[in-house]
>>> print(open('input-v6.cif').read())   # mmCIF, C-alpha atoms
data_input
loop_
_atom_site.label_atom_id
_atom_site.label_comp_id
_atom_site.auth_asym_id
_atom_site.auth_seq_id
_atom_site.Cartn_x
_atom_site.Cartn_y
_atom_site.Cartn_z
CA MET A 1 -8.23 -19.67 -14.70
CA THR A 2 -7.31 -18.29 -11.27
CA GLN A 3 -4.38 -16.53 -12.97
CA ASP A 4 -6.77 -13.77 -14.07
CA TRP A 5 -8.19 -13.19 -10.61
CA LYS A 6 -7.43 -9.69 -9.44
CA LEU A 7 -7.90 -8.31 -5.97
CA ASP A 8 -8.42 -4.69 -5.04
CA MET A 9 -7.88 -3.87 -1.39
CA ASP A 10 -10.16 -0.83 -1.70
CA LEU A 11 -13.12 -2.92 -2.91
CA GLY A 12 -14.22 -4.66 0.26
CA PRO A 13 -13.13 -7.85 2.03
CA ILE A 14 -10.81 -10.12 0.07
CA TYR A 15 -12.87 -13.22 0.89
CA ARG A 16 -15.89 -11.66 -0.79
CA GLN A 17 -13.87 -10.82 -3.92
CA ILE A 18 -12.75 -14.45 -4.14
CA VAL A 19 -16.34 -15.68 -3.71
CA ARG A 20 -17.32 -13.37 -6.57
CA HIS A 21 -14.51 -14.64 -8.81
CA VAL A 22 -15.71 -18.21 -8.28
CA GLN A 23 -19.37 -17.26 -8.90
CA GLN A 24 -18.43 -15.50 -12.13
CA ALA A 25 -16.23 -18.39 -13.29
CA ILE A 26 -19.20 -20.74 -12.76
CA ALA A 27 -21.57 -18.38 -14.61
CA ARG A 28 -19.18 -18.16 -17.57
CA GLY A 29 -18.71 -21.92 -17.63
CA ASP A 30 -14.99 -21.70 -16.75
CA LEU A 31 -15.67 -23.76 -13.63
CA ASN A 32 -17.96 -26.77 -13.99
CA PRO A 33 -19.57 -29.29 -11.65
CA GLY A 34 -16.93 -31.66 -10.31
CA ASP A 35 -14.04 -29.23 -10.92
CA ARG A 36 -11.61 -28.90 -8.06
CA LEU A 37 -10.65 -25.50 -6.69
CA PRO A 38 -6.97 -24.91 -5.88
CA SER A 39 -6.01 -25.71 -2.29
CA ALA A 40 -6.32 -22.77 0.08
CA ARG A 41 -2.55 -22.63 0.44
CA ALA A 42 -1.88 -22.72 -3.30
CA LEU A 43 -4.39 -19.97 -4.02
CA ALA A 44 -3.11 -17.95 -1.07
CA GLN A 45 0.41 -18.14 -2.46
CA GLN A 46 -0.68 -17.17 -5.93
CA LEU A 47 -2.74 -14.20 -4.73
CA ARG A 48 -0.26 -13.41 -1.96
CA VAL A 49 -2.92 -13.31 0.73
CA ASN A 50 -3.38 -14.99 4.07
CA PRO A 51 -4.54 -18.64 3.77
CA ASN A 52 -7.21 -17.97 6.46
CA THR A 53 -8.87 -15.61 3.99
CA ILE A 54 -9.14 -18.31 1.31
CA VAL A 55 -10.54 -20.77 3.85
CA HIS A 56 -13.13 -18.14 4.77
CA ALA A 57 -14.06 -17.65 1.09
CA TYR A 58 -14.42 -21.40 0.50
CA SER A 59 -16.65 -21.85 3.55
CA GLN A 60 -18.84 -18.99 2.32
CA LEU A 61 -19.13 -20.72 -1.08
CA GLU A 62 -20.06 -23.90 0.74
CA ARG A 63 -22.82 -22.07 2.65
CA GLU A 64 -24.13 -20.75 -0.67
CA GLY A 65 -24.34 -24.32 -1.97
CA LEU A 66 -21.82 -23.81 -4.77
CA VAL A 67 -18.99 -26.02 -3.54
CA GLU A 68 -18.48 -28.99 -1.27
CA THR A 69 -15.41 -30.01 0.65
CA LYS A 70 -14.39 -33.65 0.57
CA ARG A 71 -12.12 -34.47 3.46
CA GLY A 72 -8.55 -34.95 2.35
CA LEU A 73 -9.44 -34.47 -1.32
CA GLY A 74 -10.18 -30.77 -1.63
CA THR A 75 -12.98 -28.38 -2.51
CA PHE A 76 -15.16 -29.14 -5.55
CA ILE A 77 -17.93 -27.43 -7.52
CA ARG A 78 -21.15 -29.22 -6.57
CA SER A 79 -22.79 -31.48 -9.13
CA ASP A 80 -26.14 -29.65 -8.90
CA VAL A 81 -24.64 -26.29 -9.86
CA THR A 82 -25.54 -24.98 -13.32
CA PRO A 83 -23.99 -22.05 -15.18
CA ALA A 84 -27.42 -20.77 -16.24
CA ALA A 85 -28.69 -20.52 -12.66
CA SER A 86 -25.49 -18.86 -11.45
CA ARG A 87 -25.55 -16.44 -14.36
CA HIS A 88 -29.17 -15.56 -13.70
CA GLU A 89 -28.49 -14.99 -10.02
CA LEU A 90 -25.55 -12.65 -10.63
CA LEU A 91 -27.45 -10.81 -13.35
CA SER A 92 -30.53 -10.26 -11.16
CA ALA A 93 -28.35 -9.04 -8.32
CA ALA A 94 -26.77 -6.47 -10.66
CA ALA A 95 -30.24 -5.53 -11.96
CA ARG A 96 -31.53 -5.04 -8.42
CA ARG A 97 -28.66 -2.70 -7.67
CA TYR A 98 -29.48 -0.73 -10.81
CA ALA A 99 -33.20 -0.64 -9.97
CA GLN A 100 -32.38 0.71 -6.54
CA GLU A 101 -30.38 3.55 -8.08
CA VAL A 102 -33.21 4.21 -10.55
CA ARG A 103 -35.75 4.46 -7.72
CA ALA A 104 -33.47 6.78 -5.78
CA LEU A 105 -33.46 9.08 -8.81
CA GLY A 106 -37.26 8.94 -9.09
CA VAL A 107 -36.98 7.77 -12.70
CA GLY A 108 -39.71 5.71 -14.42
CA ARG A 109 -39.37 2.20 -15.84
CA ALA A 110 -39.37 3.22 -19.51
CA GLU A 111 -36.61 5.78 -19.03
CA ALA A 112 -34.55 3.30 -16.99
CA VAL A 113 -34.77 0.61 -19.67
CA ARG A 114 -33.94 3.19 -22.36
CA ALA A 115 -30.80 4.17 -20.44
CA VAL A 116 -29.65 0.54 -20.41
CA GLN A 117 -30.27 0.23 -24.14
CA GLU A 118 -28.29 3.41 -24.77
CA VAL A 119 -25.33 1.99 -22.89
CA PHE A 120 -25.40 -1.18 -24.99
CA ASP A 121 -25.77 0.83 -28.20
CA ASP A 122 -22.84 3.03 -27.20
CA ARG A 123 -20.67 0.00 -26.68
CA SER A 124 -21.55 -1.56 -30.04
CA ASP A 125 -20.77 1.77 -31.79
CA ALA A 126 -17.37 2.05 -30.15
CA MET B 1 -2.28 -18.16 23.10
CA ILE B 2 1.28 -17.65 21.94
CA ALA B 3 2.17 -14.31 23.47
CA ALA B 4 0.75 -11.40 25.44
CA MET B 5 1.72 -7.92 26.58
CA ARG B 6 -0.06 -6.41 29.58
CA ASN B 7 0.23 -2.70 30.36
CA VAL B 8 3.74 -2.70 28.98
CA THR B 9 5.79 0.47 29.14
CA LYS B 10 9.39 0.76 28.02
CA LEU B 11 11.32 3.91 28.80
CA TYR B 12 14.61 4.90 27.21
CA GLY B 13 15.89 7.43 29.72
CA ARG B 14 12.96 9.79 29.91
CA ASN B 15 11.58 8.91 26.47
CA TYR B 16 8.83 6.40 25.87
CA GLY B 17 9.69 3.48 23.61
CA VAL B 18 6.21 2.08 24.12
CA ARG B 19 3.54 3.22 26.49
CA ASN B 20 0.93 1.15 28.31
CA LEU B 21 0.62 -1.45 25.57
CA ASN B 22 -1.86 -4.34 25.65
CA LEU B 23 -1.69 -7.04 23.03
CA THR B 24 -2.71 -10.70 22.86
CA LEU B 25 -1.37 -12.92 20.11
CA PRO B 26 -3.19 -16.20 19.47
CA ALA B 27 -1.73 -19.03 17.38
CA GLY B 28 -2.30 -19.03 13.63
CA GLU B 29 -2.38 -15.27 13.17
CA VAL B 30 -0.25 -13.16 10.88
CA VAL B 31 -0.12 -9.71 12.43
CA GLY B 32 1.04 -6.54 10.72
CA LEU B 33 2.71 -4.16 13.15
CA LEU B 34 2.40 -0.86 11.37
CA GLY B 35 3.65 2.62 12.09
CA VAL B 36 6.04 5.26 10.86
CA ASN B 37 9.72 5.25 11.84
CA GLY B 38 10.17 5.75 15.56
CA SER B 39 6.64 4.65 16.44
CA GLY B 40 7.89 1.78 18.63
CA LYS B 41 7.62 -1.20 16.29
CA THR B 42 11.16 -2.42 16.91
CA THR B 43 10.75 -1.95 20.67
CA VAL B 44 7.63 -4.17 20.62
CA LEU B 45 9.44 -6.90 18.69
CA LYS B 46 12.49 -6.77 20.95
CA LEU B 47 10.30 -6.94 24.06
CA LEU B 48 8.57 -10.03 22.64
CA ALA B 49 11.93 -11.53 21.72
CA GLY B 50 13.21 -11.01 25.25
CA LEU B 51 15.99 -8.72 23.99
CA LEU B 52 14.54 -5.84 26.01
CA VAL B 53 12.96 -5.91 29.46
CA PRO B 54 9.89 -3.74 30.09
CA THR B 55 10.17 -0.82 32.50
CA SER B 56 6.74 -1.83 33.79
CA GLY B 57 4.06 -4.31 32.84
CA GLU B 58 4.37 -7.90 31.72
CA VAL B 59 5.43 -9.66 28.55
CA SER B 60 4.83 -13.37 28.23
CA VAL B 61 5.53 -15.94 25.54
CA LEU B 62 3.92 -19.36 26.02
CA GLY B 63 3.06 -18.29 29.56
CA ALA B 64 6.58 -17.40 30.65
CA PRO B 65 8.98 -14.46 30.29
CA PRO B 66 10.29 -14.46 26.69
CA ARG B 67 13.89 -15.17 27.72
CA HIS B 68 12.73 -18.57 29.07
CA ASN B 69 11.37 -19.44 25.65
CA ARG B 70 14.09 -18.10 23.35
CA ALA B 71 14.24 -21.50 21.65
CA ARG B 72 10.67 -21.03 20.40
CA ILE B 73 11.17 -17.46 19.15
CA ALA B 74 12.67 -16.55 15.78
CA PHE B 75 13.67 -12.89 15.59
CA LEU B 76 14.79 -11.23 12.38
CA GLY B 77 16.24 -7.86 13.34
CA GLU B 78 16.52 -4.81 11.17
CA THR B 79 20.30 -4.76 11.22
CA ASP B 80 21.97 -7.15 8.85
CA ALA B 81 24.45 -9.09 10.97
CA LEU B 82 25.47 -11.62 8.30
CA TYR B 83 29.21 -12.14 7.99
CA ARG B 84 30.43 -11.01 4.57
CA TRP B 85 32.36 -14.26 4.01
CA MET B 86 29.38 -16.45 4.78
CA ASN B 87 27.56 -18.27 2.00
CA PRO B 88 24.21 -20.06 2.43
CA ARG B 89 25.97 -23.33 3.34
CA ASP B 90 28.05 -21.65 6.03
CA ALA B 91 24.84 -20.09 7.32
CA GLU B 92 23.26 -23.55 7.50
CA ARG B 93 26.13 -24.86 9.64
CA LEU B 94 25.91 -21.82 11.90
CA MET B 95 22.14 -22.10 12.37
CA SER B 96 22.28 -25.89 12.95
CA GLY B 97 24.82 -25.30 15.71
CA LEU B 98 22.83 -22.51 17.34
CA TYR B 99 19.25 -23.77 17.12
CA PRO B 100 18.06 -27.34 17.77
CA ASP B 101 14.81 -26.50 15.96
CA PHE B 102 16.59 -25.54 12.72
CA ARG B 103 15.40 -27.78 9.83
CA PRO B 104 18.09 -28.13 7.13
CA ALA B 105 15.70 -29.70 4.59
CA ARG B 106 13.23 -26.85 4.98
CA TYR B 107 16.11 -24.37 4.78
CA ARG B 108 17.20 -25.76 1.39
CA ASP B 109 13.60 -25.60 0.14
CA LEU B 110 13.42 -22.01 1.24
CA LEU B 111 16.73 -21.13 -0.46
CA ASP B 112 15.17 -22.51 -3.66
CA GLN B 113 11.84 -20.83 -3.19
CA LEU B 114 13.49 -17.49 -2.43
CA ARG B 115 16.14 -18.02 -5.15
CA VAL B 116 19.04 -17.21 -2.87
CA PRO B 117 22.32 -17.32 -4.85
CA GLY B 118 25.06 -19.64 -3.53
CA VAL B 119 27.61 -16.87 -3.09
CA LYS B 120 29.12 -15.05 -0.12
CA ALA B 121 26.82 -12.60 1.66
CA GLY B 122 29.31 -9.84 0.83
CA ALA B 123 28.62 -10.39 -2.87
CA MET B 124 24.82 -10.38 -2.54
CA SER B 125 22.44 -7.48 -3.10
CA LYS B 126 20.53 -6.12 -0.14
CA GLY B 127 17.40 -7.98 -1.28
CA GLU B 128 19.30 -11.26 -1.66
CA ARG B 129 20.80 -10.92 1.81
CA MET B 130 17.32 -10.31 3.24
CA ARG B 131 16.05 -13.41 1.41
CA LEU B 132 18.90 -15.46 2.92
CA ARG B 133 18.19 -14.13 6.42
CA LEU B 134 14.50 -14.88 5.99
CA ALA B 135 15.28 -18.46 4.92
CA MET B 136 17.45 -18.83 8.05
CA SER B 137 14.57 -17.64 10.28
CA LEU B 138 11.73 -19.50 8.59
CA ALA B 139 13.69 -22.77 8.62
CA ARG B 140 13.34 -22.81 12.38
CA ASP B 141 10.42 -24.60 14.01
CA ALA B 142 9.59 -21.62 16.19
CA LEU B 143 6.16 -20.73 17.52
CA LEU B 144 6.68 -16.97 17.43
CA TYR B 145 8.29 -15.35 14.39
CA LEU B 146 9.22 -11.69 14.67
CA PHE B 147 10.25 -9.90 11.48
CA ASP B 148 11.47 -6.33 11.64
CA GLU B 149 11.08 -4.56 8.28
CA PRO B 150 11.73 -7.60 6.08
CA LEU B 151 10.43 -5.59 3.11
CA GLY B 152 12.27 -2.34 3.75
CA GLY B 153 14.66 -0.87 1.19
CA ILE B 154 14.81 -3.92 -1.09
CA ASP B 155 13.85 -4.53 -4.72
CA LEU B 156 10.30 -5.39 -5.78
CA VAL B 157 11.15 -8.97 -6.85
CA SER B 158 12.63 -9.70 -3.42
CA ARG B 159 9.55 -8.25 -1.75
CA GLU B 160 7.21 -10.42 -3.79
CA ARG B 161 9.26 -13.56 -3.12
CA ILE B 162 9.40 -12.82 0.58
CA ILE B 163 5.65 -12.29 0.81
CA ARG B 164 5.04 -15.51 -1.13
CA SER B 165 7.32 -17.48 1.22
CA LEU B 166 5.63 -16.02 4.26
CA VAL B 167 2.31 -17.29 2.87
CA ALA B 168 3.80 -20.68 1.94
CA GLU B 169 5.29 -21.24 5.39
CA TRP B 170 2.17 -20.15 7.29
CA ARG B 171 1.26 -22.56 10.10
CA THR B 172 -1.80 -22.80 12.31
CA ASP B 173 0.29 -23.40 15.43
CA ALA B 174 2.57 -20.38 15.09
CA THR B 175 2.21 -16.61 15.24
CA VAL B 176 3.96 -14.30 12.80
CA ILE B 177 4.44 -10.60 13.43
CA VAL B 178 5.72 -8.43 10.60
CA ALA B 179 6.72 -4.86 11.39
CA THR B 180 6.68 -2.81 8.25
CA HIS B 181 5.82 0.45 6.61
CA ALA B 182 5.42 -1.27 3.22
CA VAL B 183 1.69 -1.46 3.88
CA ALA B 184 0.40 -1.53 0.31
CA GLU B 185 2.43 -4.61 -0.72
CA SER B 186 1.85 -6.61 2.40
CA GLU B 187 -1.70 -5.90 3.53
CA GLY B 188 -3.21 -9.06 2.01
CA LEU B 189 -0.88 -11.09 4.20
CA PHE B 190 -2.29 -9.91 7.51
CA ASP B 191 -5.17 -11.34 9.51
CA ARG B 192 -4.85 -8.46 11.85
CA VAL B 193 -3.16 -5.08 11.91
CA VAL B 194 -1.87 -3.17 14.91
CA PHE B 195 -1.09 0.51 14.43
CA LEU B 196 1.46 2.23 16.63
CA ASP B 197 1.91 5.96 16.98
CA ARG B 198 4.62 7.40 19.22
CA GLY B 199 4.75 4.25 21.32
CA GLU B 200 1.00 3.93 21.76
CA LEU B 201 -1.38 1.45 20.23
CA VAL B 202 -3.90 3.46 18.21
CA LEU B 203 -5.73 0.69 16.34
CA ASP B 204 -5.99 -3.09 16.63
CA ALA B 205 -8.33 -4.49 13.97
CA ARG B 206 -8.99 -7.41 11.62
CA ALA B 207 -7.82 -6.43 8.15
CA GLU B 208 -10.97 -7.86 6.54
CA ASP B 209 -13.17 -5.81 8.90
CA LEU B 210 -11.44 -2.62 7.77
CA ARG B 211 -12.00 -3.57 4.13
CA ALA B 212 -15.65 -4.42 4.90
CA GLN B 213 -16.00 -0.78 5.91
CA GLY B 214 -14.73 0.14 2.47
CA LYS B 215 -11.16 1.02 3.45
CA SER B 216 -7.99 -0.84 2.66
CA VAL B 217 -5.39 -1.18 5.40
CA ARG B 218 -3.32 1.28 3.40
CA ALA B 219 -6.12 3.88 3.35
CA THR B 220 -6.73 3.37 7.07
CA PHE B 221 -3.00 3.74 7.75
CA LEU B 222 -2.93 7.09 5.95
CA GLU B 223 -6.07 8.23 7.73
CA VAL B 224 -4.98 7.23 11.24
CA LEU B 225 -1.26 8.00 11.03
CA GLY B 226 -0.96 10.42 8.12
#
>>> encode(input="input-v6.cif", output="structure tokens")
Amino acid sequence: MTQDWKLDMDLGPIYRQIVRHVQQAIARGDLNPGDRLPSARALAQQLRVNPNTIVHAYSQLEREGLVETKRGLGTFIRSDVTPAASRHELLSAAARRYAQEVRALGVGRAEAVRAVQEVFDDRSDA
Amino acid sequence: MIAAMRNVTKLYGRNYGVRNLNLTLPAGEVVGLLGVNGSGKTTVLKLLAGLLVPTSGEVSVLGAPPRHNRARIAFLGETDALYRWMNPRDAERLMSGLYPDFRPARYRDLLDQLRVPGVKAGAMSKGERMRLRLAMSLARDALLYLFDEPLGGIDLVSRERIIRSLVAEWRTDATVIVATHAVAESEGLFDRVVFLDRGELVLDARAEDLRAQGKSVRATFLEVLG
């Protein structure tokens, strides 16, 4: 699963990109409650980044209530985490970013929704 | 704190090697020492290794002049001083004799990890020789590791293996400084980056802070030094 994780040094802090990868994996159902994340050192080696950065990402995930660290055992997805809630949270965040752009353009709700539909229609045509 | 430089200036004749440099190096950090050729990277490493003495200012490693703590410093210089007849086993005997902190078991692990062939150094590629030299350095239980261009002029596979080993061998009690101009490949490795330009420190920043401002270390490097 972590094999597909890509980092882009021009897209913000690495720790935040790792947090995002974990959030998305939970939303898709690739990571489930009780699953163990790779150790910070193992993931650091795979992604070729500093282990401190992975530790930082994991502690951020812990603050967000998505994972818990069990001493000596590792970092696990919390049992109260559900894919539906994670998915909804990521989706609303993306929608809020879109809405912000829409407001900046002074565009109305109907036109904004139509634009989204057009994008989906375009993709299904392609 | 592992090492510090206070107002350090090093003159070569009338030319500045480094000028009025201040740097503190806490334990657990991997620091990228970045700059173009001739910017003073090697001078900084040699000052920290105790191979050069500052013209003015103070360099300390574990609270003492570096030459008092040579046994805790592993320095990998830019020049390849391996004997051509030496294979990895000869190198092990040499290192064991020279350094009490050399760990043969770790050395053999590293040879594996870095896929160093068991042939004479003279028959190795440049990248393979660098991998061997890196294994020799990392197998020591030093507290300050100084690597001068470990990624320079070698093949991509060697670079990737070297970066992976540097991550694998990372320790919270030691400090690693990597001087390089291979910024794009190595930037994920660094907690902190220090930019040098003509012997002067022009930027000392956390790599993640730079990226939080929307710029990779590589982009910052080009902006500041390009």
>>> residues_around(input="input-v6.cif", residues="range 37-51 of chain A", least_positions_apart="6", cutoff="6 Å", atoms="only C-alpha atoms", output="list in words")
Thr75 and Phe76 of chain A; Arg164, Val167, Gly188 and Leu189 of chain B
>>> resolve_selection(input="input-v6.cif", expression="the PyMOL selection byres ((chain B) within 7 of (chain A))", output="PDB file with C-alpha atoms, in the frame of the given file")
ATOM      1  CA  ILE B 163       5.650 -12.290   0.810  1.00  0.00           C
ATOM      2  CA  ARG B 164       5.040 -15.510  -1.130  1.00  0.00           C
ATOM      3  CA  VAL B 167       2.310 -17.290   2.870  1.00  0.00           C
ATOM      4  CA  ALA B 168       3.800 -20.680   1.940  1.00  0.00           C
ATOM      5  CA  GLY B 188      -3.210  -9.060   2.010  1.00  0.00           C
ATOM      6  CA  LEU B 189      -0.880 -11.090   4.200  1.00  0.00           C
ATOM      7  CA  PHE B 190      -2.290  -9.910   7.510  1.00  0.00           C
ATOM      8  CA  ASP B 191      -5.170 -11.340   9.510  1.00  0.00           C
ATOM      9  CA  GLU B 208     -10.970  -7.860   6.540  1.00  0.00           C
ATOM     10  CA  ARG B 211     -12.000  -3.570   4.130  1.00  0.00           C
ATOM     11  CA  ALA B 212     -15.650  -4.420   4.900  1.00  0.00           C
ATOM     12  CA  GLY B 214     -14.730   0.140   2.470  1.00  0.00           C
ATOM     13  CA  LYS B 215     -11.160   1.020   3.450  1.00  0.00           C
ATOM     14  CA  SER B 216      -7.990  -0.840   2.660  1.00  0.00           C
TER      15      SER B 216
END
>>> resolve_selection(input="input-v6.cif", expression="the PyMOL selection byres ((chain B and resi 116-129) around 10)", output="NGL selection string")
:B and (80 or 82-91 or 108 or 110-115 or 130-135 or 150-159 or 162)
>>> residues_around(input="input-v6.cif", residues="range 109-124 of chain A", least_positions_apart="6", cutoff="12 Å", atoms="only C-alpha atoms", output="list in words")
Ala95, Tyr98, Ala99, Gln100, Glu101, Val102 and Arg103 of chain A
>>> write_last_selection(input="input-v6.cif", atoms="C-alpha atoms", output="compact mmCIF listing (two decimals), in the coordinates of the input")
# COMPACT_ATOMS: atom_id res chain seq x y z
CA ALA A 95 -30.24 -5.53 -11.96
CA TYR A 98 -29.48 -0.73 -10.81
CA ALA A 99 -33.20 -0.64 -9.97
CA GLN A 100 -32.38 0.71 -6.54
CA GLU A 101 -30.38 3.55 -8.08
CA VAL A 102 -33.21 4.21 -10.55
CA ARG A 103 -35.75 4.46 -7.72
>>> atom_distance(input="input-v6.cif", atom1="CA of Thr24 in chain B", atom2="CA of Pro65 in chain B")
14.4 Å
>>> resolve_selection(input="input-v6.cif", expression="the PyMOL selection byres ((chain B and resi 144) around 10)", output="MDAnalysis selection string")
chainID B and resid 2:3 25 27:28 48:49 61:62 69:75 141:143 145:147 173:177
>>> atom_distance(input="input-v6.cif", atom1="CA of Glu185 in chain B", atom2="CA of Arg161 in chain B")
11.5 Å
>>> closest_residue(input="input-v6.cif", among="B:Arg19, B:Arg198, B:Arg140, B:Arg218", to="Leu98 in chain B", atoms="only C-alpha atoms")
B:Arg140
